[in-house]
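*Asks:* The structure under discussion is supplied below as structure tokens; questions concerning it will follow.
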There are 2 protein chains.
Amino acid sequence: MSNGLPEQGSGSQAGDPGQAPRPAPTMADVARRAGVSAMTVSRALKGAGTVSDLTRRRILRAVDDLGYVLDRTAGTLSSRRSGFVAVLIPSLNNSNFSDTAGGIGRRLEGSGLEMLLGATGYDRGREEDLIAALLRRRPEGMVVTGGSHTERARLLLGAAGIPVVEMWDLPPEPIGHVVGFSNAAAAAALVHHLHARGYRAIGYIGGSTDRDTRGSDRRRGYERAVRDLGLPQGLTVACGSPPIAMDQGSEAVVRLLERSPETDAVVCVSDLSAFGALSECQRRGWSVPGRLAIAGFGDFELSRSCHPRLTTVSVDAPAIGDGVGDLLLRAIAAGRADAVLAPETRRMPFAILQRETT
Amino acid sequence: MSNGLPEQGSGSQAGDPGQAPRPAPTMADVARRAGVSAMTVSRALKGAGTVSDLTRRRILRAVDDLGYVLDRTAGTLSSRRSGFVAVLIPSLNNSNFSDTAGGIGRRLEGSGLEMLLGATGYDRGREEDLIAALLRRRPEGMVVTGGSHTERARLLLGAAGIPVVEMWDLPPEPIGHVVGFSNAAAAAALVHHLHARGYRAIGYIGGSTDRDTRGSDRRRGYERAVRDLGLPQGLTVACGSPPIAMDQGSEAVVRLLERSPETDAVVCVSDLSAFGALSECQRRGWSVPGRLAIAGFGDFELSRSCHPRLTTVSVDAPAIGDGVGDLLLRAIAAGRADAVLAPETRRMPFAILQRETT
DNA sequence: GCCCTCGATGTTATCGATAACAGGGCGGCG
DNA sequence: CGCCGCCCTGTTATCGATAACATCGAGGGC
């Protein structure tokens, strides 16, 4: 790395508003300085093609001298490859999703594909907007969370002609590839687990809207299991719109026990609300799991660390990301060979972690 | 919105690997169908310029019919405006940073600028790589977290000729604009607060590397305050590399009290490690704050919700984002008028939230 | 009634890199 | 000794949109 970067753009230096910044050097400038053609510079810079060692060194030298930075915008246009995939998750600040994003990123490393992240805020309209905005930048693949999208979002994705992966769910009518699991089955399994441990009046705390479709699936799974087991129904508390926060769990558990004091266990839509419920019980001196057993969903760091440790459902979020990345790479490779990778659905496992709150 | 999207790209349909996907329609195709020139389509689509209502309607109709999606890549090249700013944060899954990112995004809404997020993993080398990769896509502005970067990162940013904002810190030698606060001063204030409440043997739990520069600043602030107050020194526990997790806090608090049983309070580098310490104390039956007072940093949702509630330092993360967004907008506007916005430093307030653990 | 202005649209050149093809030199093989 | 082919490099055309300038017609002020 040469230390002397260029003469150009002393950009945000103190206020001389007159100083017109020189235009950034282009590949042609580098070529001129190295005494070669632009094409050779292009080849040298991307490592592909054949460039003699001497020439390459001269070019890299010129790049350093000028402080040249490749313009991928132009490259994208002429090569028709943007070199990135778009990934939409409901929320950045949710370790399940950010772990998955991390897994995708790791899988893509070294492949020449970058990952561009967007957060929908659990809002299908916002997801649609983001999809439209991202497609304008010509991603080579698109990953969305869940299987529920606006009509137009589905149309856009279908017509984009790029691989699409839906994750964290098992959509009944997938758009393309899928890497996920059944949230309903996981919640049902949790209810069965509680039943096996002797709990009989099992409640549920979750969102009051269907915005979070994974949350809704969990509620449906819970309801089915309770019905199948012949347990009392109607122990559901709706506590607002997603993302369901800790204090919503706190409020909900109080409402639940006031309304239905016979409740001896509760399943929460996520570890966050479960933790809120747990803390509230501690504040009020309600023993957990003595008075009330509490189970969460997601195996967040929190639930491993708190006291008592939260029983929860664990999903291998990074592995979902890895699977998504793998599918993307294969589908994009296929696309470059003018083929199409037949849609795949990967069912990921989940596990119930019996800990101290149940 | 028309419902019939185009004939093109039935993309990821089942496996007929021969089917060459039609190329996506271009602006010229839309123009032809609407009976106008491409330029008029461009004007109609971006709302700028003057296009008669009738023509606009005809164009939008053609866009819908063809399922046309604007190609921003080409637009970027010819207009020399990418329409996005890059934001680098250490970790996605940290509500402080993701809240700030949210604040930036909200501020940018409607401005025609999109936000592209990258995570450095608290790694300066990775930050440098990300900066280099992002600059190739010609962002109109760049936001980085903290004031410590590799030499080359500084050079790249300085030479890019775009507004640069450093946030969440007060760098001694800023690259451009700054929106932050002194982490050292905040930690010192926390120590003084504990001292005022009667604590005398105040320990510190934090990372063992300088990778997280905000964490290091906090440690320095703690050390200075302890020295200034004449309190016992040497009560620092180093517990690994960032991001410091909850269970590192758990381990550290045990080590601290084994090594220095006289300790009556501890400041943690963040709420996460503080919560880990708190939980561990509860597991071992050590009363908090009776046996040991615990304070965190960051005012995460967790610390408001847990029992007992954590004393912590609160920073208005979305407000930092708002300030960053505001600076970006003004600086970019100035740049478009061939001017330069003189570097600004915005000092943000922090507050100590006295709660139940101290 | 004439000229000026402005609104609506078209034309041309350009942004910066890369795909595709072309060509020149040199060594090996028959 | 000549030809084939390979390694390296250059030339030309193109990607898709937009800036800048040109054009044309209609309406309004004096």
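Simple scheme: letters A, B, ... for chains in structure tokens order, numbers from 1 for residues in each chain, numbers from 1 for ligands in the order shown.
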Counting only C-alpha atoms (C1' of nucleotides), a student should be able to say which residues of chain C come within 8 Å of chain A; what is the right answer, written as a VMD selection string?
*Replies:* chain C and resid 16 to 19
*Asks:* Which residues come within 9 Å of Leu256 in chain B, counting only C-alpha atoms (C1' of nucleotides), excluding same-chain residues fewer than 5 positions away, as a VMD selection string?
*Replies:* chain B and resid 203 to 205 235 to 237 251 261 263
*Asks:* Using only C-alpha atoms (C1' of nucleotides), what table do you get, as a tab-separated table, when you list each residue of chain D with an atom no more than 7 Å from chain A, its nearest pair of atoms, and their distance in Å rounded to one decimal, rows by chain then rising number?
*Replies:*
residue	atom	partner	partner_atom	distance
D:DC8	C1'	A:Val51	CA	6.4
D:DT9	C1'	A:Thr40	CA	6.9
D:DG10	C1'	A:Ser37	CA	6.7
D:DC15	C1'	A:Ser78	CA	4.3
*Asks:* Save out the residues we just selected, N, CA, C and O atoms (P, O5', C5', C4', C3', O3' and C1' of nucleotides), as a short mmCIF file (atom, residue, chain, number, x, y, z; two decimals), in the first residue's frame.
*Replies:*
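File written: result26.cif
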data_model
loop_
_atom_site.label_atom_id
_atom_site.label_comp_id
_atom_site.auth_asym_id
_atom_site.auth_seq_id
_atom_site.Cartn_x
_atom_site.Cartn_y
_atom_site.Cartn_z
P DC D 8 1.00 -14.54 -20.40
"O5'" DC D 8 0.69 -13.16 -21.13
"C5'" DC D 8 1.80 -12.42 -21.65
"C4'" DC D 8 1.27 -11.35 -22.58
"C3'" DC D 8 0.45 -10.24 -21.92
"O3'" DC D 8 1.25 -9.06 -21.97
"C1'" DC D 8 -0.48 -10.94 -24.01
P DT D 9 0.76 -7.75 -21.17
"O5'" DT D 9 -0.11 -7.01 -22.28
"C5'" DT D 9 0.54 -6.47 -23.41
"C4'" DT D 9 -0.49 -6.05 -24.43
"C3'" DT D 9 -1.47 -4.97 -23.99
"O3'" DT D 9 -1.11 -3.76 -24.63
"C1'" DT D 9 -2.50 -6.65 -25.33
P DG D 10 -1.93 -2.41 -24.36
"O5'" DG D 10 -2.80 -2.32 -25.69
"C5'" DG D 10 -2.15 -2.38 -26.95
"C4'" DG D 10 -3.18 -2.41 -28.08
"C3'" DG D 10 -4.20 -1.28 -28.02
"O3'" DG D 10 -4.38 -0.77 -29.35
"C1'" DG D 10 -5.32 -3.38 -28.08
P DC D 15 -26.47 -2.72 -26.14
"O5'" DC D 15 -26.61 -2.84 -24.56
"C5'" DC D 15 -25.88 -3.81 -23.80
"C4'" DC D 15 -25.69 -3.29 -22.39
"C3'" DC D 15 -26.80 -2.36 -21.96
"O3'" DC D 15 -27.73 -3.10 -21.18
"C1'" DC D 15 -24.61 -1.50 -21.39
#
*Asks:* Just checking: using only C-alpha atoms, which residue out of B:Gly103, B:Gly285, B:Gly146, B:Gly158 ends up closest to chain A?
*Replies:*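 Ranked by minimum distance to chain A, first place goes to B:Gly158.
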*Asks:* How far is it from C1' of DG7 in chain C to CA of Ala48 in chain B, in Å with one decimal?
*Replies:*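 So the two atoms, C1' of DG7 in chain C and CA of Ala48 in chain B, lie 13.5 Å apart.
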